[in-house]
Each structure stands twice: as C-alpha cells, then as structure tokens.
$ cat data-v2.tsv   # TSV, C-alpha atoms and all ligand atoms
chain	number	residue	atom	x	y	z
A	1	MET	CA	0.00	0.00	0.00
A	2	PHE	CA	1.52	3.38	-0.91
A	3	HIS	CA	0.61	6.65	0.65
A	4	VAL	CA	0.00	9.89	-1.21
A	5	GLU	CA	2.54	12.52	-0.16
A	6	HIS	CA	1.46	15.30	-2.49
A	7	SER	CA	-1.67	17.39	-2.67
A	8	HIS	CA	-3.96	17.11	-5.67
A	9	GLN	CA	-2.84	20.58	-6.79
A	10	GLU	CA	0.88	19.59	-6.58
A	11	CYS	CA	0.17	16.53	-8.72
A	12	ARG	CA	-1.64	18.61	-11.32
A	13	GLU	CA	1.18	21.15	-11.48
A	14	SER	CA	3.91	18.57	-11.75
A	15	LEU	CA	2.11	16.56	-14.40
A	16	GLN	CA	1.53	19.77	-16.37
A	17	ARG	CA	5.23	20.71	-16.08
A	18	HIS	CA	6.18	17.36	-17.56
A	19	GLY	CA	3.71	17.94	-20.35
A	20	SER	CA	2.20	14.56	-19.68
A	21	ILE	CA	-1.49	15.29	-19.76
A	22	THR	CA	-3.70	18.05	-21.09
A	23	LEU	CA	-5.70	19.43	-18.24
A	24	PRO	CA	-9.05	21.08	-18.88
A	25	ARG	CA	-8.86	24.89	-19.22
A	26	SER	CA	-12.06	25.49	-17.34
A	27	LYS	CA	-14.17	23.45	-15.02
A	28	LYS	CA	-16.79	23.26	-17.75
A	29	GLN	CA	-14.52	21.11	-19.96
A	30	ILE	CA	-14.73	17.42	-19.34
A	31	PRO	CA	-11.38	15.68	-18.61
A	32	ARG	CA	-10.37	12.80	-20.83
A	33	ARG	CA	-11.48	9.52	-19.39
A	34	GLY	CA	-8.74	7.71	-17.45
A	35	ASP	CA	-6.28	10.66	-17.28
A	36	SER	CA	-6.45	10.79	-13.51
A	37	ASP	CA	-5.49	7.16	-12.91
A	38	ARG	CA	-2.95	6.73	-15.73
A	39	ARG	CA	-0.07	8.01	-13.65
A	40	HIS	CA	0.73	9.42	-10.24
A	41	LEU	CA	3.61	11.01	-8.39
A	42	TRP	CA	5.79	9.28	-5.84
A	43	GLU	CA	8.60	11.32	-4.22
A	44	GLY	CA	8.82	13.53	-7.31
A	45	THR	CA	8.91	10.53	-9.69
A	46	ILE	CA	6.14	9.98	-12.21
A	47	VAL	CA	4.88	6.41	-11.86
A	48	LYS	CA	2.96	5.40	-14.98
A	49	ASN	CA	0.31	2.78	-15.45
A	50	ILE	CA	1.28	-0.29	-17.50
A	51	GLU	CA	-1.23	0.69	-20.23
A	52	GLU	CA	1.21	3.45	-21.21
A	53	LEU	CA	4.17	1.09	-21.65
A	54	ASN	CA	5.28	1.07	-25.27
A	55	VAL	CA	7.87	-1.69	-25.76
A	56	ASN	CA	8.46	-4.73	-27.92
A	57	VAL	CA	7.86	-7.43	-25.32
A	58	PHE	CA	9.73	-10.03	-27.38
A	59	GLU	CA	12.88	-7.91	-27.41
A	60	LEU	CA	12.68	-6.61	-23.87
A	61	PHE	CA	14.23	-9.69	-22.25
A	62	SER	CA	15.97	-11.34	-25.20
A	63	LYS	CA	17.95	-8.31	-26.42
A	64	ASP	CA	18.33	-6.38	-23.16
A	65	TRP	CA	19.31	-8.06	-19.94
A	66	ALA	CA	17.43	-6.95	-16.88
A	67	LEU	CA	18.12	-6.59	-13.18
A	68	LEU	CA	15.82	-8.21	-10.67
A	69	THR	CA	16.02	-6.37	-7.36
A	70	ALA	CA	14.24	-7.56	-4.22
A	71	GLY	CA	14.20	-6.13	-0.71
A	72	SER	CA	14.08	-2.58	0.61
A	73	ILE	CA	16.72	0.15	0.40
A	74	GLY	CA	18.16	-0.90	3.80
A	75	SER	CA	18.56	-4.54	2.77
A	76	TYR	CA	18.22	-5.73	-0.80
A	77	ASN	CA	19.92	-7.79	-3.48
A	78	ALA	CA	20.04	-7.53	-7.27
A	79	MET	CA	20.87	-10.09	-9.93
A	80	THR	CA	20.87	-10.15	-13.71
A	81	ILE	CA	18.07	-12.04	-15.44
A	82	GLY	CA	17.95	-13.03	-19.07
A	83	TRP	CA	14.66	-14.87	-19.24
A	84	GLY	CA	11.26	-13.33	-18.66
A	85	GLN	CA	7.86	-12.60	-20.09
A	86	LEU	CA	5.30	-9.83	-19.93
A	87	GLY	CA	1.65	-10.80	-20.32
A	88	THR	CA	-1.71	-11.32	-18.72
A	89	LEU	CA	-2.89	-13.61	-15.94
A	90	TRP	CA	-6.05	-13.52	-13.85
A	91	ASN	CA	-6.89	-10.27	-15.67
A	92	LYS	CA	-3.75	-8.63	-14.33
A	93	ASN	CA	-0.73	-7.31	-16.23
A	94	VAL	CA	2.12	-9.50	-15.13
A	95	VAL	CA	5.82	-10.19	-15.53
A	96	THR	CA	7.10	-13.77	-15.16
A	97	PHE	CA	10.71	-14.79	-14.60
A	98	PHE	CA	12.80	-17.60	-13.19
A	99	VAL	CA	15.24	-17.65	-10.26
A	100	LYS	CA	17.30	-20.66	-9.17
A	101	PRO	CA	17.04	-21.42	-5.42
A	102	VAL	CA	20.84	-21.25	-5.18
A	103	ARG	CA	20.79	-17.49	-5.92
A	104	PHE	CA	21.10	-15.13	-2.92
A	105	THR	CA	18.27	-13.10	-4.48
A	106	HIS	CA	15.93	-16.11	-4.12
A	107	GLY	CA	15.65	-15.61	-0.35
A	108	PHE	CA	14.77	-11.93	-0.83
A	109	MET	CA	12.17	-12.87	-3.44
A	110	ASP	CA	10.48	-15.28	-1.05
A	111	ALA	CA	10.58	-12.83	1.86
A	112	ASP	CA	9.30	-9.72	0.11
A	113	GLU	CA	5.97	-8.80	-1.45
A	114	TYR	CA	7.34	-6.25	-3.93
A	115	PHE	CA	10.33	-6.25	-6.26
A	116	THR	CA	11.51	-4.37	-9.34
A	117	VAL	CA	12.66	-5.43	-12.80
A	118	SER	CA	14.82	-2.76	-14.43
A	119	PHE	CA	16.40	-2.28	-17.88
A	120	TYR	CA	19.57	-0.35	-18.82
A	121	PRO	CA	21.26	1.32	-21.76
A	122	LYS	CA	23.88	-0.88	-23.48
A	123	GLU	CA	26.74	1.00	-21.82
A	124	TYR	CA	25.87	-0.69	-18.50
A	125	GLN	CA	26.23	-4.23	-19.82
A	126	ARG	CA	29.57	-4.56	-18.01
A	127	ASP	CA	27.84	-3.74	-14.71
A	128	LEU	CA	25.06	-6.23	-15.38
A	129	THR	CA	27.70	-8.85	-16.14
A	130	ILE	CA	29.15	-8.27	-12.66
A	131	LEU	CA	25.74	-8.58	-11.00
A	132	GLY	CA	25.11	-11.73	-13.05
A	133	SER	CA	28.36	-13.47	-12.14
A	134	LYS	CA	29.04	-12.49	-8.52
A	135	SER	CA	26.80	-13.24	-5.55
A	136	GLY	CA	25.59	-10.74	-2.98
A	137	ARG	CA	26.13	-13.54	-0.49
A	138	ASP	CA	29.88	-13.00	-0.80
A	139	GLY	CA	29.99	-9.22	-0.36
A	140	ASP	CA	28.83	-5.86	-1.69
A	141	LYS	CA	28.80	-6.57	-5.42
A	142	ILE	CA	26.84	-3.35	-6.14
A	143	ALA	CA	29.94	-1.41	-5.04
A	144	LEU	CA	31.83	-3.03	-7.93
A	145	THR	CA	29.46	-1.43	-10.44
A	146	ARG	CA	28.66	2.12	-11.55
A	147	LEU	CA	25.04	1.71	-10.49
A	148	THR	CA	23.46	3.93	-7.84
A	149	PRO	CA	20.74	2.28	-5.77
A	150	GLN	CA	17.60	4.30	-5.11
A	151	ALA	CA	14.27	3.61	-3.44
A	152	ALA	CA	11.35	3.01	-5.79
A	153	GLU	CA	7.71	3.42	-4.85
A	154	HIS	CA	7.99	-0.17	-3.68
A	155	GLY	CA	11.39	-1.80	-3.46
A	156	VAL	CA	14.68	-0.66	-4.97
A	157	THR	CA	15.96	0.24	-8.43
A	158	PHE	CA	19.03	2.05	-9.79
A	159	ALA	CA	19.35	5.64	-11.01
A	160	GLN	CA	20.82	4.49	-14.36
A	161	ALA	CA	17.77	2.36	-15.31
A	162	ARG	CA	15.95	3.53	-18.43
A	163	LEU	CA	12.87	1.54	-17.42
A	164	THR	CA	11.82	0.09	-14.06
A	165	LEU	CA	8.79	-2.13	-13.61
A	166	ILE	CA	7.41	-2.04	-10.06
A	167	CYS	CA	5.92	-5.42	-9.29
A	168	LYS	CA	3.85	-7.11	-6.60
A	169	LYS	CA	4.48	-10.83	-6.18
A	170	ILE	CA	1.28	-12.77	-6.80
A	171	TYR	CA	2.53	-16.32	-7.41
A	172	ARG	CA	5.58	-18.58	-7.05
A	173	HIS	CA	6.10	-22.17	-8.08
A	174	ASP	CA	9.12	-24.47	-7.97
A	175	MET	CA	9.70	-26.11	-11.35
A	176	GLU	CA	9.59	-29.90	-11.15
A	177	LEU	CA	12.38	-31.83	-12.82
A	178	ALA	CA	9.93	-34.50	-13.99
A	179	GLY	CA	8.14	-32.02	-16.27
A	180	ILE	CA	11.25	-30.48	-17.83
A	181	PRO	CA	12.41	-31.71	-21.27
A	182	SER	CA	15.49	-33.94	-20.83
A	183	GLY	CA	17.65	-31.73	-23.06
A	184	ALA	CA	16.97	-28.67	-20.92
A	185	ALA	CA	17.38	-30.65	-17.69
A	186	GLU	CA	20.84	-31.82	-18.74
A	187	ILE	CA	21.96	-28.31	-19.65
A	188	TYR	CA	20.47	-26.31	-16.81
A	189	TYR	CA	19.80	-28.64	-13.88
A	190	ALA	CA	22.54	-31.27	-13.81
A	191	LYS	CA	24.17	-29.60	-10.80
A	192	GLU	CA	21.56	-27.16	-9.45
A	193	ALA	CA	17.87	-27.41	-8.51
A	194	PRO	CA	15.41	-26.10	-11.12
A	195	HIS	CA	14.26	-22.51	-11.18
A	196	THR	CA	11.43	-21.08	-9.14
A	197	ILE	CA	8.86	-19.34	-11.32
A	198	TYR	CA	7.81	-15.96	-9.95
A	199	ILE	CA	4.88	-13.99	-11.30
A	200	GLY	CA	4.46	-10.34	-10.35
A	201	GLU	CA	1.66	-7.92	-11.10
A	202	VAL	CA	3.15	-4.79	-12.68
A	203	THR	CA	1.67	-2.06	-10.47
A	204	GLY	CA	3.46	0.77	-12.29
A	205	PHE	CA	6.58	1.72	-14.20
A	206	VAL	CA	9.11	4.54	-14.24
A	207	GLU	CA	11.04	5.76	-17.31
A	208	ASN	CA	14.19	7.87	-17.34
B	1	LIG	C1	22.92	-12.51	-18.89
B	1	LIG	C2	22.60	-13.27	-17.64
B	1	LIG	C3	21.32	-13.73	-17.46
B	1	LIG	C4	20.98	-14.47	-16.30
B	1	LIG	N1	19.69	-14.90	-16.13
B	1	LIG	C5	19.35	-15.59	-15.01
B	1	LIG	C6	17.99	-16.00	-14.82
B	1	LIG	O1	17.08	-15.70	-15.61
B	1	LIG	N2	17.72	-16.72	-13.70
B	1	LIG	C7	18.68	-17.07	-12.78
B	1	LIG	O2	18.37	-17.72	-11.77
B	1	LIG	N3	19.96	-16.66	-12.94
B	1	LIG	C8	20.32	-15.92	-14.03
B	1	LIG	N4	21.61	-15.48	-14.19
B	1	LIG	C9	22.61	-15.80	-13.16
B	1	LIG	C10	22.57	-14.86	-11.94
B	1	LIG	O3	22.43	-13.51	-12.34
B	1	LIG	C11	23.89	-15.02	-11.15
B	1	LIG	O4	23.99	-16.35	-10.68
B	1	LIG	C12	24.05	-14.03	-10.01
B	1	LIG	O5	25.41	-14.01	-9.65
B	1	LIG	C13	23.20	-14.35	-8.79
B	1	LIG	O6	23.46	-13.37	-7.83
B	1	LIG	P1	22.99	-13.50	-6.30
B	1	LIG	O7	23.58	-14.77	-5.75
B	1	LIG	O8	23.55	-12.26	-5.67
B	1	LIG	O9	21.50	-13.53	-6.29
B	1	LIG	C14	21.97	-14.74	-15.32
B	1	LIG	C15	23.27	-14.26	-15.51
B	1	LIG	C16	23.59	-13.52	-16.66
B	1	LIG	C17	24.98	-12.98	-16.83
$ encode --input "data-v2.tsv" --output "structure tokens"
Amino acid sequence: MFHVEHSHQECRESLQRHGSITLPRSKKQIPRRGDSDRRHLWEGTIVKNIEELNVNVFELFSKDWALLTAGSIGSYNAMTIGWGQLGTLWNKNVVTFFVKPVRFTHGFMDADEYFTVSFYPKEYQRDLTILGSKSGRDGDKIALTRLTPQAAEHGVTFAQARLTLICKKIYRHDMELAGIPSGAAEIYYAKEAPHTIYIGEVTGFVEN
C-alpha cells in the first residue's frame, strides 16, 4: 500500500510541467477519461500505469538483460536475469521470470511482497555482467558497479535504469524436474535445482 505525499494541486502542477497530460482549461470542460489514474507522483517521480508502456515485449528480455532487485533500500539484493515474459494472468498485467534457489536473491524474493525489474542502456552491460556473475552472499557486489541504488515506490531500483517495472508478487512455483524436457534438464539442472517461477503484477513503471 503506498501513501499519497502530495496534494492534488501539486500533482496537477507537476504533471503539467512534464507535459504529460492536457488538463481542462475550465471546469466546464470534461477531462479525458482515465487521465487521472494513468499516472501518479511518488517522491517527485512519475509512476505510470502499465497501459502506457510502449515496448516490444519479445525484445525486452531477449535483447536487453534486466536486473531483478528484491528487498528494501536498507537490505536488498540484485541479480541479472535473461529470461522473462510480460503478459496477462487472472486479468492482471504480469511479468514472469525464473530464479534458481541457489541465488542469494531467491531468499529476498520469497521474503518480500514487492520487487523491481529494471532495464539499462547498453553502456551498462559490463555492470550487469558483474551482477550476473558475482553473488551478494559473498559481499557488496553493487559497489563493484557504476550503479546507484535508489528507493522506488515499492522496493529498490538504480538511477541508471531507463525503465523500471514495479511489481507485486502474486505467485511462485518451484519447477519440477519431472516435467522439464530432458535436453533442458541436462543443460540447466545437472548440478543445481530447477528454477522457481515468480509472477508479479506490474503495479506501475518509471522511465528515465
Ligand atoms: C545474462 C545473464 C542472465 C541471467 N539470467 C538468469 C535468470 O534468468 N535466472 C537465474 O536464476 N539466474 C540468471 N543469471 C545468473 C545470476 O544472475 C547469477 O547467478 C548471479 O550471480 C546471482 O546473484 P545473487 O547470488 O547475488 O542472487 C543470469 C546471468 C547472466 C549474466
């Protein structure tokens, strides 16, 4: 649950400054339907509704790696993810991805209700490689990168992200080896337990 820190007037002014919506000139004009709930402000950041997201969902995970970050600004962990999907489930807009139980991030994912999935310009690929090869269990791997952690409306993201999805965990399920094709099992699960599937409702997103 988030709390509203700004007055209605502050929200109107800030949204107008960012040129994001056209507000009615007089009270007689009728506002466009849905304007009021398409976006809101959190700590000076515009949080948009998923309906405004304009991306190629097939390229989002396959071409750009992402960071999965779980926890709160006082205690969190981030890891690189390469597999994921955006879609619909139970009439909610959701993101689905897969985390092996051996990852330090897995414990944070199970403990927390919210998490973020964030995407970066190509120049940060080196930093995502670090977060995808070192474990937070062994030390402060964020300090090895150029990324700057910052609180999101829920959870944590990084200042360099071009897109951050704010997500509420709605489902988790441990993959069962018996149902996995033998070819994939040999490649991915010969030494480690299969991934846990996490599904999160995308409650909002932030673009930089
Ligand atoms: C490009 C790339 C994609 C990755 N995708 C995943 C993934 O989807 N799921 C997963 O469990 N691990 C994935 N990993 C591995 C984790 O990011 C890596 O094991 C990381 O060090 C775990 O960090 P942690 O122990 O701090 O959680 C990926 C690594 C890279 C480099």
$ atom_distance --input "data-v2.tsv" --atom1 "CA of Phe61 (chain A)" --atom2 "CA of Lys141 (chain A)"
22.5 Å
$ residues_around --input "data-v2.tsv" --residues "Phe205 (chain A)" --least-positions-apart "3" --cutoff "6 Å" --atoms "all atoms listed in the file" --output "VMD selection string"
chain A and resid 47 to 48 164 to 166
$ atom_distance --input "data-v2.tsv" --atom1 "CA of Lys169 (chain A)" --atom2 "CA of Ser135 (chain A)"
22.5 Å
$ closest_residue --input "data-v2.tsv" --among "A:Ser72, A:Ser133, A:Thr116, A:Thr45" --to "ligand LIG 1 (chain B)" --atoms "all atoms listed in the file"
A:Ser133
$ residues_near_ligand --input "data-v2.tsv" --ligand "ligand LIG 1 (chain B)" --cutoff "10 Å" --atoms "only C-alpha atoms and all ligand atoms" --output "ChimeraX atom specification"
/A:61-70,76-84,97-109,125-142,194-197
$ closest_residue --input "data-v2.tsv" --among "A:Asn93, A:Gln150, A:Asn49, A:Ser118" --to "Ser75 (chain A)" --atoms "only C-alpha atoms"
A:Gln150
$ atom_distance --input "data-v2.tsv" --atom1 "CA of Gln160 (chain A)" --atom2 "CA of Glu207 (chain A)"
10.3 Å
$ closest_residue --input "data-v2.tsv" --among "A:Leu144, A:Leu163, A:Ala178, A:Ala193" --to "Val55 (chain A)" --atoms "all atoms listed in the file"
A:Leu163
$ axis_aligned_box --input "data-v2.tsv" --around "region 164-177 of chain A" --padding-each-side "3 Å" --output "AutoDock Vina command-line options"
--center_x 6.8 --center_y -15.9 --center_z -10.1 --size_x 17.1 --size_y 37.9 --size_z 13.9
$ build_atoms --input "data-v2.tsv" --residues "region 53-77 of chain A" --atoms "N, CA and C atoms" --output "JSON list (two decimals), in the coordinates of the input"
[["chain", "number", "residue", "atom", "x", "y", "z"],
["A", 53, "LEU", "N", 2.87, 1.66, -21.29],
["A", 53, "LEU", "CA", 4.17, 1.09, -21.65],
["A", 53, "LEU", "C", 4.19, 0.74, -23.14],
["A", 54, "ASN", "N", 5.20, 1.27, -23.83],
["A", 54, "ASN", "CA", 5.28, 1.07, -25.27],
["A", 54, "ASN", "C", 6.62, 0.39, -25.59],
["A", 55, "VAL", "N", 6.64, -0.94, -25.50],
["A", 55, "VAL", "CA", 7.87, -1.69, -25.76],
["A", 55, "VAL", "C", 7.56, -2.91, -26.60],
["A", 56, "ASN", "N", 8.58, -3.44, -27.24],
["A", 56, "ASN", "CA", 8.46, -4.73, -27.92],
["A", 56, "ASN", "C", 8.74, -5.81, -26.87],
["A", 57, "VAL", "N", 7.70, -6.49, -26.43],
["A", 57, "VAL", "CA", 7.86, -7.43, -25.32],
["A", 57, "VAL", "C", 8.79, -8.59, -25.69],
["A", 58, "PHE", "N", 8.88, -8.91, -26.98],
["A", 58, "PHE", "CA", 9.73, -10.03, -27.38],
["A", 58, "PHE", "C", 11.21, -9.64, -27.30],
["A", 59, "GLU", "N", 11.49, -8.35, -27.46],
["A", 59, "GLU", "CA", 12.88, -7.91, -27.41],
["A", 59, "GLU", "C", 13.33, -7.50, -26.01],
["A", 60, "LEU", "N", 12.34, -7.19, -25.17],
["A", 60, "LEU", "CA", 12.68, -6.61, -23.87],
["A", 60, "LEU", "C", 13.64, -7.50, -23.08],
["A", 61, "PHE", "N", 13.36, -8.79, -23.01],
["A", 61, "PHE", "CA", 14.23, -9.69, -22.25],
["A", 61, "PHE", "C", 15.30, -10.34, -23.12],
["A", 62, "SER", "N", 14.99, -10.59, -24.39],
["A", 62, "SER", "CA", 15.97, -11.34, -25.20],
["A", 62, "SER", "C", 17.13, -10.46, -25.64],
["A", 63, "LYS", "N", 16.86, -9.19, -25.96],
["A", 63, "LYS", "CA", 17.95, -8.31, -26.42],
["A", 63, "LYS", "C", 18.61, -7.57, -25.26],
["A", 64, "ASP", "N", 17.78, -7.13, -24.30],
["A", 64, "ASP", "CA", 18.33, -6.38, -23.16],
["A", 64, "ASP", "C", 18.26, -7.26, -21.92],
["A", 65, "TRP", "N", 19.37, -7.38, -21.23],
["A", 65, "TRP", "CA", 19.31, -8.06, -19.94],
["A", 65, "TRP", "C", 18.60, -7.15, -18.96],
["A", 66, "ALA", "N", 18.13, -7.74, -17.88],
["A", 66, "ALA", "CA", 17.43, -6.95, -16.88],
["A", 66, "ALA", "C", 18.04, -7.22, -15.51],
["A", 67, "LEU", "N", 17.76, -6.34, -14.58],
["A", 67, "LEU", "CA", 18.12, -6.59, -13.18],
["A", 67, "LEU", "C", 16.85, -6.87, -12.39],
["A", 68, "LEU", "N", 16.89, -7.93, -11.62],
["A", 68, "LEU", "CA", 15.82, -8.21, -10.67],
["A", 68, "LEU", "C", 16.32, -7.76, -9.31],
["A", 69, "THR", "N", 15.58, -6.88, -8.66],
["A", 69, "THR", "CA", 16.02, -6.37, -7.36],
["A", 69, "THR", "C", 14.91, -6.60, -6.34],
["A", 70, "ALA", "N", 15.24, -7.27, -5.25],
["A", 70, "ALA", "CA", 14.24, -7.56, -4.22],
["A", 70, "ALA", "C", 14.76, -7.09, -2.87],
["A", 71, "GLY", "N", 13.83, -6.65, -2.02],
["A", 71, "GLY", "CA", 14.20, -6.13, -0.71],
["A", 71, "GLY", "C", 13.87, -4.65, -0.62],
["A", 72, "SER", "N", 14.30, -4.02, 0.45],
["A", 72, "SER", "CA", 14.08, -2.58, 0.61],
["A", 72, "SER", "C", 15.44, -1.90, 0.65],
["A", 73, "ILE", "N", 15.46, -0.56, 0.59],
["A", 73, "ILE", "CA", 16.72, 0.15, 0.40],
["A", 73, "ILE", "C", 17.72, -0.18, 1.53],
["A", 74, "GLY", "N", 17.25, -0.54, 2.71],
["A", 74, "GLY", "CA", 18.16, -0.90, 3.80],
["A", 74, "GLY", "C", 18.77, -2.28, 3.65],
["A", 75, "SER", "N", 18.10, -3.15, 2.93],
["A", 75, "SER", "CA", 18.56, -4.54, 2.77],
["A", 75, "SER", "C", 17.93, -5.12, 1.51],
["A", 76, "TYR", "N", 18.75, -5.25, 0.48],
["A", 76, "TYR", "CA", 18.22, -5.73, -0.80],
["A", 76, "TYR", "C", 19.31, -6.51, -1.53],
["A", 77, "ASN", "N", 18.92, -7.16, -2.61],
["A", 77, "ASN", "CA", 19.92, -7.79, -3.48],
["A", 77, "ASN", "C", 19.43, -7.69, -4.92]]
